[in-house]
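Worksheet: one structure, shown below.
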Amino acid sequence: MSKIRMGIIGCGAIAQVQHMPNLAILHALYDVTWVCDISQGLARWLAEVFNVPNYTMHPHELLNAPDVDAVMLCHADPKTELAVAAFAAGKHVFIEKPMCYSLEEVDAICTAKKDAGTVGQVGYMKVYDPAFEMAQQEVGDAGDVRFVQVNHLHPNNALHLKQFDLTYFDDVPPEAVAARQAARQTALKQAVGKVSDDVVRAFFTLSGSMIHDLYGLRVMLGNPTEVVSAEVWQSGRAMTAILHYPSDARCVATWIDLPELWHFKETLEIYKDAKRIILSYPTGFSRGILSTLKVQEIHANGSHGTRSPAIDWESPFVRELRHFHACITHGEPCRTPVEDARHDIALIIAITQAYSESVN
């Protein structure tokens, strides 16, 4: 099986906690040949720790390197400019969520990917979670789904990240930070226009955290037909959206910031006529903690029961990297292609607009 030579752009928390260790586990599939970060010290450090032969603080040096087949984009958002450049350089591209913020950005990325003829995969890791896959099988035909509930109770990430020996340097050029912030504001305005500060915070939370719940709903149930209502409170630190689905089901999806609470809780509950499927996730900044699945149903003899299927131990982060390799080397259809991310960006914009219109 041929190895893919991988370049990593962005050496922060998700690269240090998940992707670099997992790529090392998958050493038969990948060679990491370059790392890049706007912090030169961080790029150098990550290269030394993981025995990567090349590092740079200039992403286009990595993109033009002949010993890079694929690029993983883990840098701070927005990622659109480098995604388009990576495809233009003929690379396969793995883009950590959120892929981008506006429909115009999605279209630019998808056009570049089509022109390149390479693989473009979004880091929607929960789709590759063994528990999610089992839950999807349990749901089956979504036509008799009656009610769906998402609860995402989110503590401060620092509470979980302190379990890891993360490294940072104070050598980031101020002009790079200013450029990133300007690009972020441009993308925000392009997506939803001028909105209040609480809506801005809610929009970025939808894009950066609740995106996991939204793409999971799409894969499980299809696209909603309508945003029935949306609420934002706690100065943008909490939000609820009610979504309508073709089966006439409603989904009540809530995200709330509980910064001082250690316990992370993210659940997807799907209620059918004769079955309840309850899927619970750990924080994405965890290793070795499995998602759990409970299935409640009435048996043919009329008795009630709850099943808790055993879950495969392999990390969804590892499984998505195995899939990316298979897409590149064997032409396997991508399960989380950049094109499908358009539905998620459109839904985030629709939820944001629904709330903005309700208060104006």
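Chain labels A, B, ... are given in the sequence in which chains occur in the structure tokens; within each chain residues are numbered consecutively from 1, and ligands are likewise numbered from 1 in the order shown.
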
Can you tell me, as a compact mmCIF listing (two decimals) with C-alpha atoms, in the first residue's frame, what residues are no more than 12 Å from A:His263 when counting only C-alpha atoms, ignoring any on the same chain fewer than 6 positions away?
```txt
# COMPACT_ATOMS: atom_id res chain seq x y z
CA HIS A 152 -24.36 20.28 23.50
CA LEU A 153 -23.18 21.49 26.93
CA HIS A 154 -19.74 22.89 26.35
CA PRO A 155 -17.18 23.71 29.07
CA ASN A 156 -14.09 25.80 28.42
CA ASN A 157 -11.76 23.77 26.18
CA LEU A 159 -10.27 22.40 31.14
CA HIS A 160 -9.65 19.43 28.85
CA ASP A 257 -21.38 27.54 27.10
CA TYR A 281 -19.96 11.80 22.44
CA PRO A 282 -16.85 12.68 24.45
CA THR A 283 -15.06 15.96 23.79
```

Determine which residues of stretch 47-183 of chain A receive a DSSP assignment of helix (DSSP H, G or I), computed from the backbone, and state them as an MDAnalysis selection string.
chainID A and resid 47:49 59:63 80:88 103:116 125:128 130:139 142:144 158:161 174:183

Considering only C-alpha atoms, can you say which of A:Val122, A:Ala86, A:Ala70, A:Ile277 comes closest to A:Cys100?
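Closest candidate: A:Val122.
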
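Proximity ranking of A:Glu104, A:His244, A:Ala24, A:Glu138 relative to A:Lys294 places A:Glu138 first, based on only C-alpha atoms.
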
Give me the stretch 38-155 of chain A side of the contact with stretch 266-273 of chain A, cut-off 7 Å, one line per residue showing its nearest atom pair and distance in Å at one decimal, counting only C-alpha atoms, sorted by chain and residue number, as a Markdown table.
```
| residue | atom | partner | partner_atom | distance |
| --- | --- | --- | --- | --- |
| A:Asp144 | CA | A:Lys272 | CA | 5.7 |
| A:Val145 | CA | A:Lys272 | CA | 4.4 |
| A:Arg146 | CA | A:Lys272 | CA | 5.4 |
| A:Phe147 | CA | A:Tyr271 | CA | 5.2 |
| A:Val148 | CA | A:Ile270 | CA | 4.6 |
| A:Gln149 | CA | A:Glu269 | CA | 5.1 |
| A:Val150 | CA | A:Leu268 | CA | 4.8 |
| A:Asn151 | CA | A:Thr267 | CA | 5.4 |
| A:His152 | CA | A:Glu266 | CA | 4.3 |
| A:Leu153 | CA | A:Glu266 | CA | 6.2 |
```

Would you mind writing down, as a list in words, each residue of stretch 184-255 of chain A that DSSP on the backbone assigns to strand (DSSP E)?
Glu226, Val227, Val228, Ser229, Ala230, Glu231, Val232, Trp233, Ala238, Met239, Thr240, Ala241, Ile242, Leu243, His244, Arg250, Cys251, Val252, Ala253, Thr254 and Trp255 of chain A

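Using only C-alpha atoms, the smallest distance between any of A:Pro173, A:Gly7, A:Gly193, A:Gly140 and A:Val219 comes from A:Gly140.
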
Give me the residues near A:Ile211 as number ranges by chain, where near means some atom within 9 Å (using only C-alpha atoms) and where sequence neighbours in that chain fewer than 6 positions away do not count.
A: 97-98, 124, 205, 344-345, 348

Exercise: A:Thr186 partners within 10 Å, only C-alpha atoms, chain neighbours under 4 positions left out, as a ChimeraX atom specification
/A:78,101-102,180-182,190-191,193

In terms of only C-alpha atoms, the residue from A:Ala158, A:Ala116, A:Pro174, A:Val35 at minimal distance from A:Phe264 is A:Ala158

May I ask which of the residues A:Ala274, A:Asn223, A:Gly216, A:Lys79 is the closest one to A:Ile298, counting only C-alpha atoms?
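When distances to A:Ile298 are compared using only C-alpha atoms, the smallest one comes from A:Ala274.
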
Applying 7 Å and only C-alpha atoms, which residues near A:Pro130 remain after dropping the ones on its own chain fewer than 4 positions away? List them as a PyMOL selection string.
chain A and resi 134+311-312

Which residues, written as an mmCIF file with N, CA and C atoms, in the first residue's frame, have at least one atom at most 12 Å from A:Glu320, with only C-alpha atoms counted and residues fewer than 5 positions away on the same chain left out?
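Output saved as part_16.cif:
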```cif
data_model
loop_
_atom_site.group_PDB
_atom_site.id
_atom_site.type_symbol
_atom_site.label_atom_id
_atom_site.label_comp_id
_atom_site.auth_asym_id
_atom_site.auth_seq_id
_atom_site.Cartn_x
_atom_site.Cartn_y
_atom_site.Cartn_z
ATOM 1 N N GLN A 18 -4.356 15.449 18.357
ATOM 2 C CA GLN A 18 -4.958 14.383 17.561
ATOM 3 C C GLN A 18 -4.155 14.016 16.308
ATOM 4 N N HIS A 19 -3.987 14.952 15.400
ATOM 5 C CA HIS A 19 -3.552 14.555 14.059
ATOM 6 C C HIS A 19 -2.118 14.051 13.997
ATOM 7 N N ASN A 22 -1.871 10.601 15.583
ATOM 8 C CA ASN A 22 -2.596 9.613 14.789
ATOM 9 C C ASN A 22 -1.892 9.315 13.471
ATOM 10 N N LEU A 23 -1.287 10.314 12.868
ATOM 11 C CA LEU A 23 -0.503 10.069 11.657
ATOM 12 C C LEU A 23 0.714 9.197 11.970
ATOM 13 N N LEU A 26 -0.459 5.750 12.040
ATOM 14 C CA LEU A 26 -0.702 5.285 10.669
ATOM 15 C C LEU A 26 0.555 5.420 9.812
ATOM 16 N N PHE A 94 -7.154 17.833 2.994
ATOM 17 C CA PHE A 94 -7.979 17.520 4.159
ATOM 18 C C PHE A 94 -8.147 18.833 4.926
ATOM 19 N N ILE A 95 -9.389 19.264 5.109
ATOM 20 C CA ILE A 95 -9.664 20.559 5.732
ATOM 21 C C ILE A 95 -10.370 20.349 7.064
ATOM 22 N N GLU A 96 -9.727 20.762 8.151
ATOM 23 C CA GLU A 96 -10.389 20.684 9.451
ATOM 24 C C GLU A 96 -11.607 21.614 9.463
ATOM 25 N N GLN A 121 -11.458 16.442 1.396
ATOM 26 C CA GLN A 121 -12.225 15.866 2.514
ATOM 27 C C GLN A 121 -12.273 16.849 3.670
ATOM 28 N N VAL A 122 -13.449 16.973 4.279
ATOM 29 C CA VAL A 122 -13.622 17.839 5.439
ATOM 30 C C VAL A 122 -13.467 16.999 6.703
ATOM 31 N N GLY A 123 -12.878 17.586 7.732
ATOM 32 C CA GLY A 123 -12.619 16.871 8.978
ATOM 33 C C GLY A 123 -13.847 16.730 9.849
ATOM 34 N N TYR A 124 -14.878 16.103 9.300
ATOM 35 C CA TYR A 124 -16.108 15.820 10.037
ATOM 36 C C TYR A 124 -15.947 14.462 10.724
ATOM 37 N N MET A 125 -15.167 14.430 11.768
ATOM 38 C CA MET A 125 -14.718 13.159 12.333
ATOM 39 C C MET A 125 -15.845 12.341 12.952
ATOM 40 N N LYS A 126 -16.928 12.990 13.403
ATOM 41 C CA LYS A 126 -17.975 12.214 14.060
ATOM 42 C C LYS A 126 -18.680 11.259 13.101
ATOM 43 N N VAL A 127 -18.677 11.556 11.818
ATOM 44 C CA VAL A 127 -19.249 10.646 10.831
ATOM 45 C C VAL A 127 -18.515 9.302 10.834
ATOM 46 N N TYR A 128 -17.227 9.336 11.227
ATOM 47 C CA TYR A 128 -16.410 8.126 11.212
ATOM 48 C C TYR A 128 -16.372 7.437 12.578
ATOM 49 N N ASP A 129 -17.104 7.980 13.535
ATOM 50 C CA ASP A 129 -17.173 7.378 14.864
ATOM 51 C C ASP A 129 -17.938 6.063 14.764
ATOM 52 N N PRO A 130 -17.375 4.952 15.261
ATOM 53 C CA PRO A 130 -18.089 3.673 15.182
ATOM 54 C C PRO A 130 -19.481 3.739 15.811
ATOM 55 N N GLU A 314 -11.371 1.919 17.892
ATOM 56 C CA GLU A 314 -10.549 2.810 17.066
ATOM 57 C C GLU A 314 -11.115 4.228 17.051
ATOM 58 N N SER A 315 -10.237 5.208 17.178
ATOM 59 C CA SER A 315 -10.621 6.618 17.213
ATOM 60 C C SER A 315 -11.228 7.054 15.885
ATOM 61 N N HIS A 325 -6.877 8.249 3.039
ATOM 62 C CA HIS A 325 -5.865 7.478 2.303
ATOM 63 C C HIS A 325 -6.530 6.600 1.254
ATOM 64 N N ALA A 326 -7.634 5.943 1.628
ATOM 65 C CA ALA A 326 -8.331 5.070 0.687
ATOM 66 C C ALA A 326 -8.913 5.852 -0.490
ATOM 67 N N CYS A 327 -9.389 7.054 -0.220
ATOM 68 C CA CYS A 327 -9.916 7.905 -1.296
ATOM 69 C C CYS A 327 -8.818 8.256 -2.300
ATOM 70 N N CYS A 334 -15.482 9.735 -1.329
ATOM 71 C CA CYS A 334 -15.300 10.428 -0.052
ATOM 72 C C CYS A 334 -16.637 10.550 0.670
ATOM 73 N N ARG A 335 -16.628 10.208 1.946
ATOM 74 C CA ARG A 335 -17.845 10.267 2.748
ATOM 75 C C ARG A 335 -18.149 11.676 3.258
ATOM 76 N N THR A 336 -17.135 12.524 3.339
ATOM 77 C CA THR A 336 -17.338 13.899 3.814
ATOM 78 C C THR A 336 -16.661 14.871 2.844
ATOM 79 N N PRO A 337 -17.135 14.918 1.607
ATOM 80 C CA PRO A 337 -16.484 15.757 0.598
ATOM 81 C C PRO A 337 -16.743 17.243 0.830
#
```
